[in-house]
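Okay, protein19.csv is below, CSV, C-alpha atoms:
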```csv
chain,number,residue,atom,x,y,z
A,486,MET,CA,-18.1,29.5,9.4
A,487,LEU,CA,-15.8,29.7,6.4
A,488,GLU,CA,-16.4,26.9,3.9
A,489,ARG,CA,-13.9,26.2,1.1
A,490,GLU,CA,-16.5,25.1,-1.4
A,491,ALA,CA,-19.7,26.6,-2.8
A,492,ARG,CA,-21.7,23.9,-1.0
A,493,LEU,CA,-21.4,21.7,2.0
A,494,ALA,CA,-20.2,18.0,2.2
A,495,THR,CA,-18.2,18.3,-1.1
A,496,HIS,CA,-15.3,16.2,0.1
A,497,GLN,CA,-15.0,13.4,2.7
A,498,THR,CA,-18.5,13.8,4.0
A,499,GLY,CA,-20.1,13.5,0.6
A,500,HIS,CA,-17.8,10.8,-0.7
A,501,SER,CA,-18.4,7.9,1.7
A,502,SER,CA,-20.4,4.7,2.0
A,503,GLY,CA,-22.9,6.4,4.4
A,504,VAL,CA,-22.3,4.0,7.3
A,505,ILE,CA,-23.0,5.0,10.9
A,506,HIS,CA,-20.4,2.9,12.6
A,507,ALA,CA,-21.2,1.3,15.9
A,508,GLY,CA,-17.7,1.4,17.3
A,509,ILE,CA,-16.4,-2.2,16.9
A,510,PHE,CA,-13.1,-1.6,15.2
A,511,TYR,CA,-11.4,0.9,17.5
A,512,ARG,CA,-9.0,0.4,20.4
A,513,PRO,CA,-10.8,0.6,23.7
A,514,GLY,CA,-10.1,3.9,25.5
A,515,SER,CA,-9.2,5.7,22.2
A,516,LEU,CA,-11.1,8.8,21.1
A,517,LYS,CA,-12.4,6.9,18.2
A,518,ALA,CA,-13.9,4.3,20.4
A,519,ARG,CA,-15.4,6.7,23.0
A,520,LEU,CA,-16.7,9.3,20.5
A,521,CYS,CA,-18.0,6.8,17.9
A,522,VAL,CA,-20.2,4.8,20.3
A,523,ARG,CA,-21.6,7.9,21.9
A,524,GLY,CA,-21.8,9.8,18.6
A,525,ALA,CA,-23.5,7.0,16.7
A,526,ARG,CA,-26.3,6.9,19.3
A,527,GLU,CA,-26.7,10.7,19.2
A,528,LEU,CA,-26.7,10.8,15.4
A,529,LEU,CA,-29.4,8.2,15.1
A,530,GLU,CA,-31.5,10.2,17.6
A,531,PHE,CA,-30.8,13.4,15.6
A,532,CYS,CA,-31.8,11.8,12.3
A,533,ALA,CA,-35.1,10.5,13.8
A,534,ALA,CA,-35.9,13.9,15.2
A,535,ARG,CA,-35.2,15.7,11.9
A,536,ASP,CA,-36.8,13.1,9.6
A,537,ILE,CA,-33.5,12.4,7.9
A,538,PRO,CA,-33.7,9.0,6.0
A,539,HIS,CA,-31.7,6.4,7.9
A,540,GLU,CA,-31.9,2.7,8.6
A,541,ARG,CA,-30.5,0.3,11.2
A,542,CYS,CA,-29.7,-2.3,8.7
A,543,GLY,CA,-27.0,-4.1,10.7
A,544,LYS,CA,-23.5,-5.2,9.9
A,545,LEU,CA,-21.8,-8.6,9.5
A,546,ILE,CA,-18.0,-8.9,9.9
A,547,LEU,CA,-17.0,-12.2,8.4
A,548,ALA,CA,-14.1,-14.5,8.9
A,549,THR,CA,-13.7,-16.7,5.8
A,550,ARG,CA,-10.4,-18.4,6.8
A,551,PRO,CA,-9.3,-20.0,10.1
A,552,ARG,CA,-6.4,-17.5,10.4
A,553,GLU,CA,-9.0,-14.7,10.7
A,554,LEU,CA,-10.7,-16.1,13.8
A,555,ALA,CA,-8.2,-14.5,16.1
A,556,GLY,CA,-8.9,-11.1,14.5
A,557,LEU,CA,-12.6,-11.7,15.0
A,558,ASP,CA,-12.0,-12.5,18.6
A,559,GLU,CA,-10.2,-9.2,19.0
A,560,LEU,CA,-13.0,-7.3,17.4
A,561,GLN,CA,-15.5,-8.9,19.7
A,562,ARG,CA,-13.4,-8.0,22.7
A,563,ARG,CA,-13.1,-4.4,21.4
A,564,GLY,CA,-16.8,-4.1,20.7
A,565,ASN,CA,-17.8,-5.4,24.1
A,566,ALA,CA,-15.2,-3.2,25.8
A,567,ASN,CA,-16.5,-0.1,23.9
A,568,GLY,CA,-20.1,-0.8,24.8
A,569,VAL,CA,-21.4,-1.6,21.3
A,570,PRO,CA,-25.0,-2.6,21.8
A,571,SER,CA,-26.3,-6.1,21.0
A,572,LEU,CA,-23.1,-7.3,19.4
A,573,ARG,CA,-23.0,-11.0,19.1
A,574,ARG,CA,-21.0,-13.9,17.6
A,575,VAL,CA,-22.7,-15.8,14.8
A,576,ASN,CA,-22.0,-19.2,13.1
A,577,ALA,CA,-22.3,-20.2,9.5
A,578,GLY,CA,-26.0,-21.0,9.8
A,579,SER,CA,-26.9,-17.7,11.5
A,580,ILE,CA,-24.9,-15.8,8.8
A,581,SER,CA,-26.9,-17.4,6.0
A,582,ARG,CA,-30.1,-16.4,7.8
A,583,ILE,CA,-29.0,-12.8,8.1
A,584,GLU,CA,-27.4,-12.6,4.6
A,585,PRO,CA,-28.6,-15.6,2.5
A,586,HIS,CA,-25.8,-15.1,-0.1
A,587,ALA,CA,-22.9,-14.6,2.3
A,588,ARG,CA,-20.6,-17.5,3.3
A,589,ALA,CA,-18.1,-17.6,6.2
A,590,ILE,CA,-16.9,-19.9,9.0
A,591,ALA,CA,-17.8,-17.3,11.7
A,592,GLY,CA,-18.9,-13.7,12.1
A,593,LEU,CA,-19.8,-10.8,14.3
A,594,TYR,CA,-23.2,-9.3,14.0
A,595,SER,CA,-23.9,-5.7,14.9
A,596,PRO,CA,-27.7,-5.0,14.5
A,597,SER,CA,-27.2,-1.4,15.7
A,598,THR,CA,-25.0,-0.4,12.7
A,599,ALA,CA,-26.9,1.9,10.4
A,600,ILE,CA,-26.8,3.9,7.1
A,601,VAL,CA,-27.6,7.5,6.4
A,602,ASP,CA,-27.2,10.2,3.8
A,603,PHE,CA,-24.4,12.2,5.3
A,604,PRO,CA,-24.8,15.2,3.0
A,605,ALA,CA,-28.4,15.5,4.4
A,606,VAL,CA,-27.0,15.4,7.9
A,607,ALA,CA,-24.5,18.1,7.0
A,608,SER,CA,-27.4,20.3,5.7
A,609,ALA,CA,-29.3,19.8,8.9
A,610,TYR,CA,-26.3,20.8,10.9
A,611,ALA,CA,-26.0,23.9,8.7
A,612,ARG,CA,-29.6,24.8,9.4
A,613,ASP,CA,-28.9,24.6,13.1
A,614,VAL,CA,-26.0,27.0,12.8
A,615,LEU,CA,-28.1,29.5,10.9
A,616,GLU,CA,-31.1,29.2,13.2
A,617,ALA,CA,-28.7,29.8,16.2
A,618,GLY,CA,-27.6,33.1,14.6
A,619,GLY,CA,-24.4,31.9,12.9
A,620,ALA,CA,-23.3,32.6,9.4
A,621,ILE,CA,-21.9,30.3,6.7
A,622,ALA,CA,-19.7,31.8,4.0
A,623,GLY,CA,-19.1,29.5,1.0
A,624,CYS,CA,-16.3,29.8,-1.6
A,625,CYS,CA,-14.1,31.0,1.2
A,626,THR,CA,-10.8,29.2,0.9
A,627,VAL,CA,-8.5,30.2,3.8
A,628,THR,CA,-5.1,31.1,2.3
A,629,GLY,CA,-3.2,32.4,5.4
A,630,VAL,CA,-3.4,33.1,9.1
A,631,GLU,CA,-1.9,36.1,11.0
A,632,VAL,CA,-1.9,35.9,14.8
A,633,ALA,CA,-1.7,39.0,17.0
A,634,SER,CA,-1.7,39.4,20.7
A,635,ARG,CA,-5.5,39.6,21.1
A,636,SER,CA,-6.9,38.3,17.8
A,637,LEU,CA,-6.1,36.4,14.6
A,638,THR,CA,-6.9,37.2,11.0
A,639,LEU,CA,-7.9,34.6,8.4
A,640,MET,CA,-7.0,35.6,4.9
A,641,HIS,CA,-9.3,33.9,2.4
A,642,SER,CA,-10.6,34.1,-1.2
A,643,GLN,CA,-13.2,36.7,-0.3
A,644,GLY,CA,-10.9,39.0,1.8
A,645,ALA,CA,-10.1,38.7,5.5
A,646,THR,CA,-11.9,37.8,8.7
A,647,GLN,CA,-10.7,38.8,12.1
A,648,ALA,CA,-11.7,36.8,15.2
A,649,ALA,CA,-10.7,36.4,18.8
A,650,TYR,CA,-10.3,32.6,18.3
A,651,ALA,CA,-10.7,30.1,15.6
A,652,ILE,CA,-11.4,26.4,15.3
A,653,PHE,CA,-9.9,24.7,12.2
A,654,CYS,CA,-11.7,21.6,10.8
A,655,ALA,CA,-10.1,21.5,7.4
A,656,GLY,CA,-10.2,17.8,6.6
A,657,ALA,CA,-7.6,16.9,3.9
A,658,TRP,CA,-6.1,20.4,4.2
A,659,ALA,CA,-5.9,20.3,8.0
A,660,ASP,CA,-2.1,20.2,8.2
A,661,ARG,CA,-1.6,23.2,6.0
A,662,LEU,CA,-3.8,25.5,7.9
A,663,ALA,CA,-2.4,24.2,11.2
A,664,VAL,CA,1.2,25.0,10.0
A,665,ALA,CA,0.0,28.4,8.7
A,666,ALA,CA,-1.3,29.2,12.3
A,667,GLY,CA,2.1,28.2,13.8
A,668,ALA,CA,1.7,24.4,14.5
A,669,GLU,CA,4.3,21.7,13.9
A,670,PRO,CA,4.2,20.0,10.5
A,671,ASP,CA,4.0,16.6,12.1
A,672,PRO,CA,1.6,14.9,11.3
A,673,ARG,CA,1.3,15.4,7.6
A,674,ILE,CA,-1.9,14.7,5.7
A,675,VAL,CA,-1.3,12.1,3.0
A,676,PRO,CA,-4.4,11.7,0.7
A,677,PHE,CA,-5.6,8.1,-0.1
A,678,ARG,CA,-8.0,7.7,-3.0
A,679,GLY,CA,-10.7,5.0,-2.5
A,680,ALA,CA,-12.7,3.9,-5.5
A,681,TYR,CA,-16.0,2.1,-5.3
A,682,MET,CA,-17.9,-0.1,-7.6
A,683,ARG,CA,-21.6,-0.8,-7.3
A,684,LEU,CA,-23.8,-3.8,-8.0
A,685,VAL,CA,-25.9,-3.5,-11.1
A,686,PRO,CA,-29.6,-3.4,-10.2
A,687,GLU,CA,-30.3,-7.0,-11.1
A,688,HIS,CA,-27.7,-8.2,-8.6
A,689,ARG,CA,-28.5,-5.9,-5.6
A,690,HIS,CA,-30.5,-8.7,-4.0
A,691,LEU,CA,-27.2,-10.4,-3.2
A,692,VAL,CA,-26.6,-8.0,-0.3
A,693,ARG,CA,-29.3,-7.0,2.3
A,694,SER,CA,-27.2,-4.9,4.6
A,695,LEU,CA,-23.5,-4.3,5.4
A,696,ILE,CA,-20.9,-7.1,5.0
A,697,TYR,CA,-17.3,-6.5,6.1
A,698,PRO,CA,-14.1,-8.6,6.2
A,699,VAL,CA,-11.9,-9.0,9.3
A,700,PRO,CA,-9.6,-6.0,8.7
A,701,ASP,CA,-5.9,-5.9,8.6
A,702,PRO,CA,-4.8,-4.7,12.1
A,703,SER,CA,-1.7,-3.0,10.7
A,704,VAL,CA,-3.5,-0.3,8.9
A,705,PRO,CA,-6.5,1.9,9.7
A,706,PHE,CA,-8.5,0.8,6.7
A,707,LEU,CA,-11.4,-1.7,6.7
A,708,GLY,CA,-10.7,-3.6,3.5
A,709,VAL,CA,-13.1,-4.2,0.6
A,710,HIS,CA,-16.6,-4.4,2.0
A,711,LEU,CA,-20.2,-4.3,0.7
A,712,THR,CA,-22.6,-1.6,1.9
A,713,ARG,CA,-26.2,-0.9,1.0
A,714,HIS,CA,-26.9,2.8,0.8
A,715,THR,CA,-30.1,4.7,1.6
A,716,ASP,CA,-30.9,5.0,-2.1
A,717,GLY,CA,-30.9,1.2,-2.5
A,718,GLU,CA,-27.5,1.1,-4.2
A,719,VAL,CA,-25.0,-1.5,-3.0
A,720,LEU,CA,-21.4,-0.4,-3.0
A,721,ILE,CA,-18.2,-2.5,-3.1
A,722,GLY,CA,-14.9,-1.1,-2.0
A,723,PRO,CA,-13.0,1.0,-1.5
A,724,THR,CA,-9.5,0.7,-2.7
A,725,ALA,CA,-6.8,2.6,-0.9
A,726,LEU,CA,-4.1,4.2,-3.0
A,727,ILE,CA,-1.9,7.3,-2.3
A,728,ALA,CA,-3.5,10.0,-4.4
A,729,GLY,CA,-2.1,12.7,-6.7
A,730,ALA,CA,-4.3,15.4,-5.1
A,731,ARG,CA,-6.3,16.0,-2.0
A,732,ASP,CA,-9.4,16.2,-4.2
A,733,ALA,CA,-8.4,13.4,-6.6
A,734,TYR,CA,-11.9,12.2,-7.3
A,735,THR,CA,-10.8,11.3,-10.8
A,736,LEU,CA,-7.5,9.6,-11.7
A,737,ARG,CA,-6.6,12.5,-14.0
A,738,THR,CA,-6.6,15.0,-11.1
A,739,LEU,CA,-3.0,15.8,-10.1
A,740,ARG,CA,-1.9,18.8,-8.1
A,741,ARG,CA,1.8,19.7,-8.0
A,742,ALA,CA,1.7,21.0,-4.5
A,743,ASP,CA,-0.1,17.9,-3.2
A,744,VAL,CA,2.3,15.6,-4.9
A,745,LEU,CA,5.3,17.5,-3.6
A,746,ASP,CA,3.9,17.5,0.0
A,747,THR,CA,3.4,13.8,-0.1
A,748,LEU,CA,6.8,13.0,-1.6
A,749,ALA,CA,8.7,15.4,0.6
A,750,TRP,CA,7.4,14.0,3.8
A,751,PRO,CA,9.8,11.4,5.4
A,752,GLY,CA,6.8,9.6,6.8
A,753,THR,CA,5.6,8.7,3.4
A,754,TRP,CA,8.7,6.7,2.5
A,755,ARG,CA,8.9,5.1,5.9
A,756,MET,CA,5.3,4.0,5.6
A,757,LEU,CA,5.8,2.5,2.2
A,758,ALA,CA,9.0,0.7,3.3
A,759,ARG,CA,6.9,-1.1,5.9
A,760,ALA,CA,3.6,-1.5,4.1
A,761,TRP,CA,4.8,-2.2,0.5
A,762,PRO,CA,3.0,-5.6,0.4
A,763,ILE,CA,-0.3,-3.9,1.3
A,764,ALA,CA,0.4,-1.2,-1.3
A,765,ALA,CA,1.1,-3.8,-4.0
A,766,ARG,CA,-2.2,-5.6,-3.2
A,767,GLU,CA,-4.2,-2.4,-3.3
A,768,LEU,CA,-2.6,-1.4,-6.6
A,769,HIS,CA,-3.5,-4.9,-8.0
A,770,ARG,CA,-7.1,-4.5,-6.9
A,771,ALA,CA,-7.3,-1.0,-8.4
A,772,ALA,CA,-6.0,-2.2,-11.7
A,773,SER,CA,-8.0,-5.5,-12.0
A,774,ARG,CA,-11.8,-5.6,-11.7
A,775,ALA,CA,-11.5,-9.4,-11.2
A,776,ALA,CA,-9.2,-8.9,-8.2
A,777,PHE,CA,-11.3,-6.1,-6.8
A,778,VAL,CA,-14.5,-8.1,-7.0
A,779,GLY,CA,-12.7,-11.3,-5.9
A,780,ALA,CA,-12.0,-9.7,-2.5
A,781,ALA,CA,-15.7,-9.2,-1.9
A,782,ALA,CA,-16.6,-12.6,-3.5
A,783,ARG,CA,-14.7,-14.3,-0.6
A,784,MET,CA,-17.7,-13.3,1.5
A,785,VAL,CA,-20.4,-13.4,-1.2
A,786,PRO,CA,-19.4,-16.1,-3.7
A,787,ALA,CA,-22.2,-15.3,-6.1
A,788,LEU,CA,-20.4,-12.0,-7.0
A,789,ALA,CA,-18.7,-11.9,-10.4
A,790,PRO,CA,-17.0,-9.1,-12.4
A,791,ASP,CA,-20.0,-8.6,-14.6
A,792,ALA,CA,-22.2,-7.9,-11.6
A,793,VAL,CA,-20.6,-4.5,-10.9
A,794,GLU,CA,-20.0,-1.2,-12.6
A,795,PRO,CA,-17.9,1.8,-11.7
A,796,SER,CA,-19.3,4.2,-9.0
A,797,PHE,CA,-17.7,7.2,-7.3
A,798,ALA,CA,-14.3,7.7,-5.5
A,799,GLY,CA,-13.5,9.4,-2.3
A,800,VAL,CA,-10.3,10.8,-0.8
A,801,ARG,CA,-9.4,10.1,2.8
A,802,GLY,CA,-7.2,12.7,4.5
A,803,GLN,CA,-5.0,10.4,6.5
A,804,ALA,CA,-2.5,11.8,9.0
A,805,VAL,CA,0.9,10.2,8.8
A,806,ASP,CA,3.6,11.0,11.3
A,807,ARG,CA,7.3,11.6,10.6
A,808,ASP,CA,8.1,8.0,11.5
A,809,GLY,CA,5.7,6.6,8.9
A,810,ARG,CA,2.9,5.7,11.3
A,811,LEU,CA,-0.7,6.1,10.1
A,812,LEU,CA,-2.5,7.8,13.0
A,813,ASP,CA,-5.3,5.4,14.0
A,814,ASP,CA,-7.1,7.9,16.3
A,815,PHE,CA,-8.6,11.4,16.1
A,816,ALA,CA,-5.9,14.0,16.7
A,817,PHE,CA,-6.0,17.6,17.8
A,818,SER,CA,-3.4,20.3,18.3
A,819,HIS,CA,-3.4,23.9,19.7
A,820,THR,CA,-1.8,27.1,18.5
A,821,ALA,CA,-2.2,30.7,19.8
A,822,ARG,CA,-5.9,31.4,19.7
A,823,ALA,CA,-6.7,28.3,17.6
A,824,LEU,CA,-7.7,24.7,17.9
A,825,HIS,CA,-6.9,22.3,15.1
A,826,VAL,CA,-8.6,19.0,14.2
A,827,ARG,CA,-5.5,17.3,12.7
A,828,ASN,CA,-6.9,13.8,12.0
A,829,ALA,CA,-10.5,13.0,11.6
A,830,PRO,CA,-11.1,10.3,9.0
A,831,SER,CA,-13.7,7.5,9.4
A,832,PRO,CA,-15.6,7.2,11.8
A,833,ALA,CA,-15.6,11.0,12.1
A,834,ALA,CA,-19.0,11.4,10.4
A,835,SER,CA,-20.6,8.7,12.6
A,836,ALA,CA,-19.1,10.5,15.7
A,837,SER,CA,-19.6,14.0,14.5
A,838,LEU,CA,-21.9,15.2,17.3
A,839,ALA,CA,-19.7,13.7,20.0
A,840,ILE,CA,-16.6,15.2,18.3
A,841,ALA,CA,-18.3,18.6,18.2
A,842,ARG,CA,-18.8,18.4,22.0
A,843,HIS,CA,-15.2,17.3,22.5
A,844,VAL,CA,-14.0,20.2,20.3
A,845,ARG,CA,-16.1,22.7,22.2
A,846,VAL,CA,-14.7,21.5,25.6
A,847,GLN,CA,-11.1,21.5,24.3
A,848,ALA,CA,-11.6,25.0,22.8
A,849,GLU,CA,-13.0,26.5,25.9
A,850,ARG,CA,-10.1,25.1,28.0
A,851,SER,CA,-7.5,26.2,25.4
A,852,PHE,CA,-9.0,29.7,25.1
A,853,GLY,CA,-9.6,30.2,28.8
A,854,LEU,CA,-13.3,30.5,28.3
A,855,ASP,CA,-14.2,27.8,30.9
A,856,ARG,CA,-13.2,30.0,33.9
```
With the file now loaded, output its structure as structure tokens.
Amino acid sequence: MLEREARLATHQTGHSSGVIHAGIFYRPGSLKARLCVRGARELLEFCAARDIPHERCGKLILATRPRELAGLDELQRRGNANGVPSLRRVNAGSISRIEPHARAIAGLYSPSTAIVDFPAVASAYARDVLEAGGAIAGCCTVTGVEVASRSLTLMHSQGATQAAYAIFCAGAWADRLAVAAGAEPDPRIVPFRGAYMRLVPEHRHLVRSLIYPVPDPSVPFLGVHLTRHTDGEVLIGPTALIAGARDAYTLRTLRRADVLDTLAWPGTWRMLARAWPIAARELHRAASRAAFVGAAARMVPALAPDAVEPSFAGVRGQAVDRDGRLLDDFAFSHTARALHVRNAPSPAASASLAIARHVRVQAERSFGLDR
């Protein structure tokens, strides 16, 4: 395994809220739905077997306005169709018993939703690779791909590696390596920076578990939510702004190649033409702590701007097609002697074991190894 960074889980895996999603949000029949429900169950079993800290803390999805009830109905339909265990509708009284400081007119409760330290999960996966006889090479950024009739060569920062076949799981850099191996440029990865705040310690009691709004169905983002982490911190966020780099964990991080890739892609402008009201709202929340906290205070009214402080930011590698559509499912493509994971944002970490099995089957078929 060739790893870009010196350590694992440096990017999307290590910059998330740590939620093991149950599979409520995703269109029935989609890869996200099928792999998330199966993968979440498998991941919880994996964590229990490996003594990785995790907790089935449960998730509330809250409708605070009458116009959100239809969206809540649709999420309930999706969750039931996807086989999410123990999902149930709750009223205002039940909500206050589950989360005493939350307020809403109705909600969905998923007791099977959990939290985990995903970098610890990644480390456990790495141990499995090593124990199975594999090797992991860090600081090994792949810079080029040369395909021959019976092999391919990966050029990287430590030289070159020749292989019969390769599987590319490059996250925010997935499109570049796919194109280098001969794939079409569509879809393009457009990086979205998501900043989190966290509750100061004296206000952590306001949130016991996970509290989410009814998401906007037009975009594959879940809105500003509140999540308790395994270390006891309670996060609020994230925002969702197009980033100036694929590793823009600070606002000062700008990379010319990343900016040019985003601006040169026709899908970026078509996406913005359709979604400019959402972009304007996200920009307002990113610029105003009051607006940011206010989005969460709709669900937990006791929250105030002085109850939070800045936390970390993550960058979501989101695939956008040429028509400006944000891909709302996992996506894969094939080139000669290679399989590419082209779009695997959330809930990819939750579904990771099921995705791995799916990738293995796809690779065996593509490479003719299943005969």
Contacts of segment 590-597 of chain A within 10 Å, all atoms listed in the file, excl. fewer than 3 positions in-chain, as a VMD selection string: chain A and resid 505 to 509 525 to 526 529 540 to 551 553 to 554 557 to 558 560 to 561 564 569 to 580 583 694 to 699
From A:Thr712, A:Arg783, A:Gly799, A:Val675, residue lying nearest Trp750 of chain A [only C-alpha atoms]: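 Among the listed residues, A:Val675 lies closest to Trp750 of chain A.
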Would you mind telling me which residue in A:Ser634, A:Thr820, A:Ser796, A:Thr626 lies nearest to Glu490 of chain A when using only C-alpha atoms? A:Thr626
So that I can see what lies close to Ala730 of chain A, please list as a VMD selection string the residues with an atom at most 10 Å from it, counting all atoms listed in the file and leaving out residues fewer than 6 positions away in the same chain. chain A and resid 657 675 to 678 736 to 747 800
So how far away is atom CA of Arg661 of chain A from atom CA of Val704 of chain A, in Å? 23.8 Å
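One finds atom CA of Ser837 of chain A at 19.6 Å from atom CA of Ala620 of chain A.
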Give me the residues near Thr498 of chain A as a PyMOL selection string, where near means some atom within 7 Å (using all atoms listed in the file) and where sequence neighbours in that chain fewer than 2 positions away do not count. chain A and resi 494-496+500-501+603-604+834
Give the answer as one residue: which of A:Pro538, A:Gly619, A:Pro751, A:Pro795 has the shortest atom-to-atom distance to Gly503 of chain A, using all atoms listed in the file? A:Pro538
Using only C-alpha atoms: which of A:His688, A:His819, A:His710, A:Arg673 has the shortest distance to Gly722 of chain A: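 Among A:His688, A:His819, A:His710, A:Arg673, it is A:His710 that comes nearest to Gly722 of chain A.
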Atom CA of Arg523 of chain A to atom CA of Asn565 of chain A, straight-line distance in Å: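 Atom-to-atom, atom CA of Asn565 of chain A and atom CA of Arg523 of chain A are spaced 14.0 Å apart.
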Distance query Leu639 of chain A at most 9 Å, only C-alpha atoms, self and fewer than 2 positions along chain excluded, as a ChimeraX atom specification: /A:627-632,637,641,644-648,651
Which neighbours of Asp701 of chain A fall inside 12 Å, counting only C-alpha atoms, when residues of the same chain fewer than 6 positions from it are skipped, and could you give them as a ChimeraX atom specification? /A:510,548,552-553,555-557,559-560,707-709,760,763
Find, counting only C-alpha atoms, the residue in A:Ala833, A:Phe706, A:Ala771, A:Leu662 that gets nearest to Val504 of chain A.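 Nearest to Val504 of chain A: A:Ala833.
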How close does segment 498-576 of chain A get to segment 843-856 of chain A? List, as a tab-separated table, each residue of segment 498-576 of chain A within 12 Å, its nearest atom pair and the distance in Å to one decimal, counting only C-alpha atoms.
```
residue	atom	partner	partner_atom	distance
A:Leu516	CA	A:His843	CA	9.5
A:Lys517	CA	A:His843	CA	11.6
A:Arg519	CA	A:His843	CA	10.6
A:Leu520	CA	A:His843	CA	8.4
A:Cys521	CA	A:His843	CA	11.8
A:Arg523	CA	A:His843	CA	11.4
A:Gly524	CA	A:His843	CA	10.7
```
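If all atoms listed in the file are the atoms counted, then among A:His769, A:Arg801, A:Arg822, A:His690 the closest residue to Ala733 of chain A is A:Arg801.
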Please complete segment 829-844 of chain A so it has N, CA and C atoms, and hand it over as a compact mmCIF listing (two decimals), in the coordinates of the input.
```txt
# COMPACT_ATOMS: atom_id res chain seq x y z
N ALA A 829 -9.15 13.37 11.37
CA ALA A 829 -10.50 13.00 11.60
C ALA A 829 -11.12 12.25 10.43
N PRO A 830 -10.51 11.10 10.05
CA PRO A 830 -11.10 10.30 9.00
C PRO A 830 -12.23 9.41 9.64
N SER A 831 -12.72 8.41 8.92
CA SER A 831 -13.70 7.50 9.40
C SER A 831 -13.30 6.98 10.80
N PRO A 832 -14.18 6.97 11.81
CA PRO A 832 -15.60 7.20 11.80
C PRO A 832 -16.04 8.61 12.19
N ALA A 833 -15.36 9.62 11.69
CA ALA A 833 -15.60 11.00 12.10
C ALA A 833 -17.08 11.41 11.82
N ALA A 834 -17.62 11.00 10.68
CA ALA A 834 -19.00 11.40 10.40
C ALA A 834 -19.97 10.72 11.36
N SER A 835 -19.73 9.45 11.67
CA SER A 835 -20.60 8.70 12.60
C SER A 835 -20.50 9.42 14.00
N ALA A 836 -19.31 9.88 14.36
CA ALA A 836 -19.10 10.50 15.70
C ALA A 836 -19.21 11.96 15.71
N SER A 837 -19.74 12.57 14.68
CA SER A 837 -19.60 14.00 14.50
C SER A 837 -20.22 14.83 15.66
N LEU A 838 -21.36 14.42 16.20
CA LEU A 838 -21.90 15.20 17.30
C LEU A 838 -21.07 15.07 18.56
N ALA A 839 -20.53 13.89 18.82
CA ALA A 839 -19.70 13.70 20.00
C ALA A 839 -18.33 14.44 19.77
N ILE A 840 -17.82 14.44 18.55
CA ILE A 840 -16.60 15.20 18.30
C ILE A 840 -16.83 16.68 18.47
N ALA A 841 -17.98 17.16 18.04
CA ALA A 841 -18.30 18.60 18.20
C ALA A 841 -18.26 18.96 19.69
N ARG A 842 -18.82 18.11 20.54
CA ARG A 842 -18.80 18.40 22.00
C ARG A 842 -17.38 18.37 22.52
N HIS A 843 -16.60 17.40 22.06
CA HIS A 843 -15.20 17.30 22.50
C HIS A 843 -14.41 18.55 22.05
N VAL A 844 -14.63 19.00 20.83
CA VAL A 844 -14.00 20.20 20.30
C VAL A 844 -14.34 21.42 21.13
```
